[in-house]
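Engineer: Mind looking over this structure? Questions follow.
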Amino acid sequence: MQDSCDFIFFNPEPRNGSVEFVERLGISCQLREDPLGFIVVLPDSIDDKLPDGRSCMAPLEVDVAHRLLASLFIEEVQQLFQNVIDSAQSAESDRPLCQTLRAAAHERNS
């Protein structure tokens with residue numbers, strides 16, 4: 001892929017889960033092996049539209065992305081970002097953090 005982003009996995013299980021996830025989203029990827037691990041190559045031009053149709057890009061430093069993907073499955077990273085998006089779009093995003101955390105704890109305990 002000409003404009004692409006490479007992700008390295010050190011174990012095949014997280015790599016396989018990530019590939020299944022991106023394929024369910026309709027994103028094509030390429031796989032290759034490297035002496036250090038398993039490489040997944042994704043296109044650099046993935047649709048970045050929010051549910052309301054606005055386009056949004058949140059830059060993430062490479063070392064932070066590597067630490068996230070080394071510790072979490074791609075589905076977990078996706079859920080993390082989806083939670084951030086949902087929270088930012090929520091009408092409750094303007095309320096104080098202590099109230100937000102209290103409401104979230106109440107929901108978990110209900």
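By convention in this document, the chains of the structure tokens carry letters A, B, ... by their order, each chain's residues are numbered from 1, and ligands are numbered from 1 in the order they are shown.
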Determine which residues of chain A DSSP labels as strand (DSSP E) from the backbone of this structure, then write them out as JSON, numbers by chain.
Structural biologist: {"A": [4, 5, 6, 7, 8, 9, 30, 31, 32, 33, 34, 37, 38, 39, 40, 41, 42, 43]}
Engineer: Neighbouring residues of Asp3 (chain A) were defined as those with any atom within 12 Å, considering only C-alpha atoms; residues of the same chain fewer than 4 positions away were excluded. Please report them as JSON, numbers by chain.
Structural biologist: {"A": [41, 42, 43, 44, 45, 46]}
Engineer: Could you work out how far CA of Leu60 (chain A) lies from CA of Asp34 (chain A), giving the answer in Å with one decimal?
Structural biologist: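 Spanning CA of Asp34 (chain A) to CA of Leu60 (chain A) is a straight-line distance of 24.2 Å.
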Engineer: Would you mind reading off the distance between CA of Leu97 (chain A) and CA of Gln79 (chain A), one decimal, in Å?
Structural biologist: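 Pair CA of Leu97 (chain A) / CA of Gln79 (chain A) returns 20.1 Å.
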Engineer: Quick one: of A:Gly17, A:Pro59, A:Glu107, A:Ile8, who's nearest to Phe73 (chain A), counting only C-alpha atoms?
Structural biologist: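 Using only C-alpha atoms, the shortest distance to Phe73 (chain A) belongs to A:Gly17.
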